[in-house]
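Here is the file work04.txt (compact mmCIF, N, CA and C atoms).
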# COMPACT_ATOMS: atom_id res chain seq x y z
N MET E 67 -23.45 -10.01 26.12
CA MET E 67 -24.23 -11.14 25.71
C MET E 67 -23.80 -11.50 24.29
N ILE E 68 -23.68 -12.79 24.04
CA ILE E 68 -23.41 -13.28 22.68
C ILE E 68 -24.73 -13.80 22.15
N GLU E 69 -25.11 -13.33 20.96
CA GLU E 69 -26.37 -13.77 20.39
C GLU E 69 -26.23 -14.07 18.91
N GLN E 70 -27.07 -14.97 18.44
CA GLN E 70 -27.09 -15.31 17.02
C GLN E 70 -28.20 -14.51 16.36
N ARG E 71 -27.87 -13.87 15.25
CA ARG E 71 -28.86 -13.18 14.43
C ARG E 71 -28.68 -13.67 13.01
N HIS E 72 -29.67 -14.34 12.53
CA HIS E 72 -29.64 -14.93 11.19
C HIS E 72 -28.44 -15.88 11.12
N GLU E 73 -27.46 -15.61 10.28
CA GLU E 73 -26.32 -16.51 10.12
C GLU E 73 -25.05 -15.94 10.76
N ALA E 74 -25.18 -15.00 11.67
CA ALA E 74 -24.00 -14.36 12.28
C ALA E 74 -24.15 -14.33 13.79
N TYR E 75 -23.02 -14.15 14.48
CA TYR E 75 -23.00 -14.02 15.92
C TYR E 75 -22.49 -12.64 16.29
N HIS E 76 -23.09 -12.06 17.32
CA HIS E 76 -22.75 -10.71 17.76
C HIS E 76 -22.52 -10.70 19.27
N VAL E 77 -21.66 -9.77 19.72
CA VAL E 77 -21.52 -9.49 21.14
C VAL E 77 -22.19 -8.16 21.38
N ARG E 78 -23.04 -8.10 22.40
CA ARG E 78 -23.72 -6.86 22.75
C ARG E 78 -23.44 -6.55 24.21
N ASP E 79 -23.01 -5.33 24.48
CA ASP E 79 -22.81 -4.87 25.85
C ASP E 79 -24.15 -4.40 26.39
N LEU E 80 -24.56 -4.94 27.53
CA LEU E 80 -25.88 -4.63 28.10
C LEU E 80 -25.77 -3.53 29.15
N CYS E 81 -25.31 -2.36 28.72
CA CYS E 81 -25.23 -1.17 29.59
C CYS E 81 -24.29 -1.36 30.77
N SER E 82 -23.19 -2.08 30.57
CA SER E 82 -22.25 -2.27 31.67
C SER E 82 -21.53 -0.96 31.98
N THR E 83 -21.05 -0.86 33.18
CA THR E 83 -20.36 0.35 33.63
C THR E 83 -19.01 0.53 32.93
N LEU E 84 -18.25 -0.57 32.79
CA LEU E 84 -16.89 -0.49 32.25
C LEU E 84 -16.79 -0.86 30.78
N GLY E 85 -17.86 -1.35 30.19
CA GLY E 85 -17.83 -1.72 28.78
C GLY E 85 -17.28 -3.11 28.55
N THR E 86 -17.15 -3.45 27.29
CA THR E 86 -16.67 -4.75 26.83
C THR E 86 -15.70 -4.49 25.69
N ILE E 87 -14.70 -5.32 25.54
CA ILE E 87 -13.75 -5.19 24.43
C ILE E 87 -13.82 -6.47 23.61
N VAL E 88 -14.04 -6.34 22.32
CA VAL E 88 -14.13 -7.48 21.41
C VAL E 88 -13.07 -7.31 20.33
N ASN E 89 -12.10 -8.22 20.32
CA ASN E 89 -11.00 -8.16 19.33
C ASN E 89 -10.37 -6.77 19.30
N GLY E 90 -10.17 -6.20 20.48
CA GLY E 90 -9.52 -4.89 20.60
C GLY E 90 -10.44 -3.70 20.42
N GLN E 91 -11.69 -3.91 20.06
CA GLN E 91 -12.65 -2.82 19.83
C GLN E 91 -13.54 -2.65 21.06
N PRO E 92 -13.47 -1.49 21.74
CA PRO E 92 -14.35 -1.27 22.89
C PRO E 92 -15.79 -1.02 22.45
N ILE E 93 -16.72 -1.64 23.17
CA ILE E 93 -18.14 -1.41 22.92
C ILE E 93 -18.81 -1.13 24.25
N GLY E 94 -19.93 -0.46 24.21
CA GLY E 94 -20.68 -0.15 25.42
C GLY E 94 -21.24 1.25 25.37
N ASP E 95 -21.89 1.67 26.45
CA ASP E 95 -22.56 2.97 26.51
C ASP E 95 -21.63 4.15 26.24
N HIS E 96 -20.36 4.03 26.62
CA HIS E 96 -19.44 5.16 26.50
C HIS E 96 -18.64 5.14 25.19
N PHE E 97 -18.99 4.25 24.28
CA PHE E 97 -18.26 4.12 23.02
C PHE E 97 -19.23 4.26 21.85
N CYS E 98 -18.73 4.16 20.63
CA CYS E 98 -19.53 4.39 19.42
C CYS E 98 -20.67 3.41 19.25
N THR E 99 -20.52 2.21 19.74
CA THR E 99 -21.53 1.18 19.53
C THR E 99 -21.64 0.28 20.76
N ASP E 100 -22.76 -0.39 20.89
CA ASP E 100 -22.90 -1.36 21.97
C ASP E 100 -22.99 -2.78 21.40
N ASP E 101 -22.62 -2.94 20.12
CA ASP E 101 -22.77 -4.21 19.43
C ASP E 101 -21.64 -4.38 18.42
N VAL E 102 -21.12 -5.62 18.29
CA VAL E 102 -20.09 -5.89 17.30
C VAL E 102 -20.27 -7.32 16.77
N LEU E 103 -19.99 -7.48 15.50
CA LEU E 103 -20.06 -8.78 14.82
C LEU E 103 -18.83 -9.60 15.17
N LEU E 104 -19.02 -10.86 15.54
CA LEU E 104 -17.89 -11.76 15.75
C LEU E 104 -17.46 -12.32 14.41
N ARG E 105 -16.16 -12.43 14.23
CA ARG E 105 -15.63 -12.97 12.97
C ARG E 105 -15.48 -14.48 13.08
N ALA E 106 -15.42 -15.14 11.93
CA ALA E 106 -15.17 -16.58 11.92
C ALA E 106 -13.78 -16.84 12.48
N GLY E 107 -13.64 -17.88 13.28
CA GLY E 107 -12.36 -18.20 13.92
C GLY E 107 -12.36 -17.76 15.37
N GLU E 108 -11.19 -17.47 15.90
CA GLU E 108 -11.04 -17.09 17.30
C GLU E 108 -11.32 -15.60 17.51
N ASN E 109 -12.02 -15.30 18.59
CA ASN E 109 -12.34 -13.93 18.98
C ASN E 109 -12.01 -13.77 20.45
N GLU E 110 -11.48 -12.60 20.83
CA GLU E 110 -11.21 -12.32 22.23
C GLU E 110 -12.26 -11.35 22.76
N VAL E 111 -12.92 -11.73 23.84
CA VAL E 111 -13.94 -10.89 24.47
C VAL E 111 -13.49 -10.61 25.89
N VAL E 112 -13.35 -9.33 26.23
CA VAL E 112 -12.97 -8.91 27.58
C VAL E 112 -14.17 -8.24 28.21
N ALA E 113 -14.74 -8.87 29.24
CA ALA E 113 -15.88 -8.31 29.95
C ALA E 113 -15.36 -7.46 31.09
N GLY E 114 -15.72 -6.18 31.10
CA GLY E 114 -15.27 -5.30 32.16
C GLY E 114 -14.23 -4.29 31.72
N GLY E 115 -13.92 -4.22 30.45
CA GLY E 115 -13.01 -3.21 29.94
C GLY E 115 -11.54 -3.56 30.10
N ALA E 116 -10.69 -2.62 29.74
CA ALA E 116 -9.23 -2.81 29.74
C ALA E 116 -8.75 -3.19 31.14
N GLY E 117 -7.87 -4.18 31.18
CA GLY E 117 -7.30 -4.63 32.45
C GLY E 117 -8.15 -5.61 33.23
N SER E 118 -9.31 -5.96 32.71
CA SER E 118 -10.20 -6.89 33.40
C SER E 118 -9.62 -8.31 33.36
N PRO E 119 -9.79 -9.06 34.43
CA PRO E 119 -9.33 -10.45 34.41
C PRO E 119 -10.31 -11.39 33.68
N PHE E 120 -11.44 -10.87 33.24
CA PHE E 120 -12.46 -11.68 32.60
C PHE E 120 -12.29 -11.67 31.08
N VAL E 121 -11.35 -12.50 30.61
CA VAL E 121 -11.01 -12.58 29.19
C VAL E 121 -11.47 -13.94 28.68
N PHE E 122 -12.25 -13.91 27.60
CA PHE E 122 -12.81 -15.13 27.03
C PHE E 122 -12.37 -15.29 25.59
N SER E 123 -12.13 -16.52 25.19
CA SER E 123 -11.86 -16.84 23.80
C SER E 123 -13.13 -17.47 23.24
N VAL E 124 -13.65 -16.89 22.16
CA VAL E 124 -14.88 -17.37 21.55
C VAL E 124 -14.56 -17.83 20.14
N SER E 125 -14.78 -19.10 19.87
CA SER E 125 -14.50 -19.66 18.55
C SER E 125 -15.80 -19.77 17.76
N ILE E 126 -15.80 -19.15 16.58
CA ILE E 126 -16.98 -19.14 15.70
C ILE E 126 -16.65 -19.94 14.44
N PRO E 127 -17.46 -20.95 14.12
CA PRO E 127 -17.23 -21.69 12.88
C PRO E 127 -17.53 -20.82 11.67
N GLY E 128 -16.85 -21.02 10.58
CA GLY E 128 -17.10 -20.23 9.38
C GLY E 128 -17.67 -21.12 8.30
N PRO E 129 -18.06 -20.59 7.19
CA PRO E 129 -18.12 -19.15 6.93
C PRO E 129 -19.39 -18.53 7.50
N LEU E 130 -19.29 -17.28 7.85
CA LEU E 130 -20.43 -16.53 8.35
C LEU E 130 -20.73 -15.38 7.42
N VAL E 131 -21.80 -14.66 7.70
CA VAL E 131 -22.16 -13.47 6.94
C VAL E 131 -21.07 -12.43 7.17
N SER E 132 -20.62 -11.77 6.12
CA SER E 132 -19.58 -10.76 6.28
C SER E 132 -20.15 -9.52 6.95
N ALA E 133 -19.28 -8.77 7.61
CA ALA E 133 -19.71 -7.55 8.32
C ALA E 133 -20.33 -6.54 7.36
N SER E 134 -19.89 -6.53 6.10
CA SER E 134 -20.43 -5.55 5.15
C SER E 134 -21.89 -5.83 4.79
N ARG E 135 -22.36 -7.07 5.02
CA ARG E 135 -23.76 -7.40 4.72
C ARG E 135 -24.70 -7.07 5.87
N TRP E 136 -24.16 -6.89 7.08
CA TRP E 136 -25.00 -6.59 8.23
C TRP E 136 -25.10 -5.09 8.40
N THR E 137 -26.32 -4.56 8.35
CA THR E 137 -26.48 -3.11 8.38
C THR E 137 -27.32 -2.62 9.55
N GLY E 138 -27.81 -3.53 10.38
CA GLY E 138 -28.67 -3.13 11.49
C GLY E 138 -27.89 -2.76 12.73
N LYS E 139 -28.59 -2.24 13.74
CA LYS E 139 -28.02 -1.98 15.05
C LYS E 139 -28.69 -2.91 16.04
N ALA E 140 -28.05 -3.13 17.15
CA ALA E 140 -28.59 -4.05 18.15
C ALA E 140 -30.00 -3.67 18.56
N SER E 141 -30.27 -2.38 18.69
CA SER E 141 -31.58 -1.96 19.17
C SER E 141 -32.69 -2.23 18.16
N SER E 142 -32.34 -2.46 16.88
CA SER E 142 -33.36 -2.67 15.87
C SER E 142 -33.74 -4.15 15.74
N TYR E 143 -33.07 -5.02 16.46
CA TYR E 143 -33.35 -6.45 16.38
C TYR E 143 -34.15 -6.91 17.59
N SER E 144 -35.23 -7.62 17.35
CA SER E 144 -35.98 -8.21 18.44
C SER E 144 -35.93 -9.72 18.38
N GLU E 145 -35.32 -10.26 17.32
CA GLU E 145 -35.31 -11.70 17.15
C GLU E 145 -34.01 -12.34 17.61
N GLY E 146 -33.09 -11.59 18.20
CA GLY E 146 -31.84 -12.16 18.67
C GLY E 146 -32.09 -13.16 19.78
N ARG E 147 -31.38 -14.26 19.74
CA ARG E 147 -31.52 -15.28 20.77
C ARG E 147 -30.26 -15.31 21.60
N PRO E 148 -30.34 -14.98 22.88
CA PRO E 148 -29.12 -14.98 23.70
C PRO E 148 -28.56 -16.38 23.82
N LEU E 149 -27.24 -16.47 23.71
CA LEU E 149 -26.57 -17.75 23.87
C LEU E 149 -25.78 -17.78 25.17
N ILE E 150 -24.98 -16.74 25.40
CA ILE E 150 -24.13 -16.70 26.59
C ILE E 150 -24.16 -15.29 27.16
N PRO E 151 -24.75 -15.07 28.33
CA PRO E 151 -24.66 -13.74 28.93
C PRO E 151 -23.27 -13.53 29.50
N ILE E 152 -22.65 -12.37 29.20
CA ILE E 152 -21.33 -12.07 29.77
C ILE E 152 -21.37 -10.72 30.45
Re-express the file's structure as structure tokens.
Amino acid sequence: MIEQRHEAYHVRDLCSTLGTIVNGQPIGDHFCTDDVLLRAGENEVVAGGAGSPFVFSVSIPGPLVSASRWTGKASSYSEGRPLIPI
């Protein structure tokens, strides 16, 4: 799921079996995190893990909040608004 939190956009894996890859970083239950900040510009999101045919290009307008300013985890946010379920 892609969601907006404050001035930034995040991809969150919703307990998928194979995980999600965002800009080369795997996220999901079997990895270090289930959430990643999207950067300004083009982002590659692969739903279903490595080798999946479900590859999306997500363009984020800038400037956005830098990753160093975001300190929360997906589970600590209740105000996220889903934009695109993936």
* Have a look at E:Val102, E:Cys81, E:Gly94, E:Tyr75 and name the one nearest to Ile126 of chain E; count only N, CA and C atoms. =>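 Of E:Val102, E:Cys81, E:Gly94, E:Tyr75, the one nearest Ile126 of chain E is E:Tyr75, counting only N, CA and C atoms.
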* For segment 85-90 of chain E: contacts at 7 Å, only N, CA and C atoms, fewer than 2 positions along chain excluded, given as a list in words -> Asp79, Cys81, Ser82, Thr83, Pro92, Ile93, Gly94, Asp95, His96, Asn109, Glu110, Val111, Val112, Ala113, Gly114, Gly115 and Ala116 of chain E
* To do: Grab the atom C of Gly107 of chain E to atom C of Ser123 of chain E distance for me, in Å with one decimal place.
  => 7.9 Å
* Asked: So how many Å separate atom N of Gly128 of chain E and atom C of Ala106 of chain E, to one decimal?
  ->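 Between these atoms lies a distance of 5.5 Å.
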* Structure fact -> Correct to one decimal, the distance atom CA of Gln70 of chain E-atom CA of Cys98 of chain E is 21.2 Å
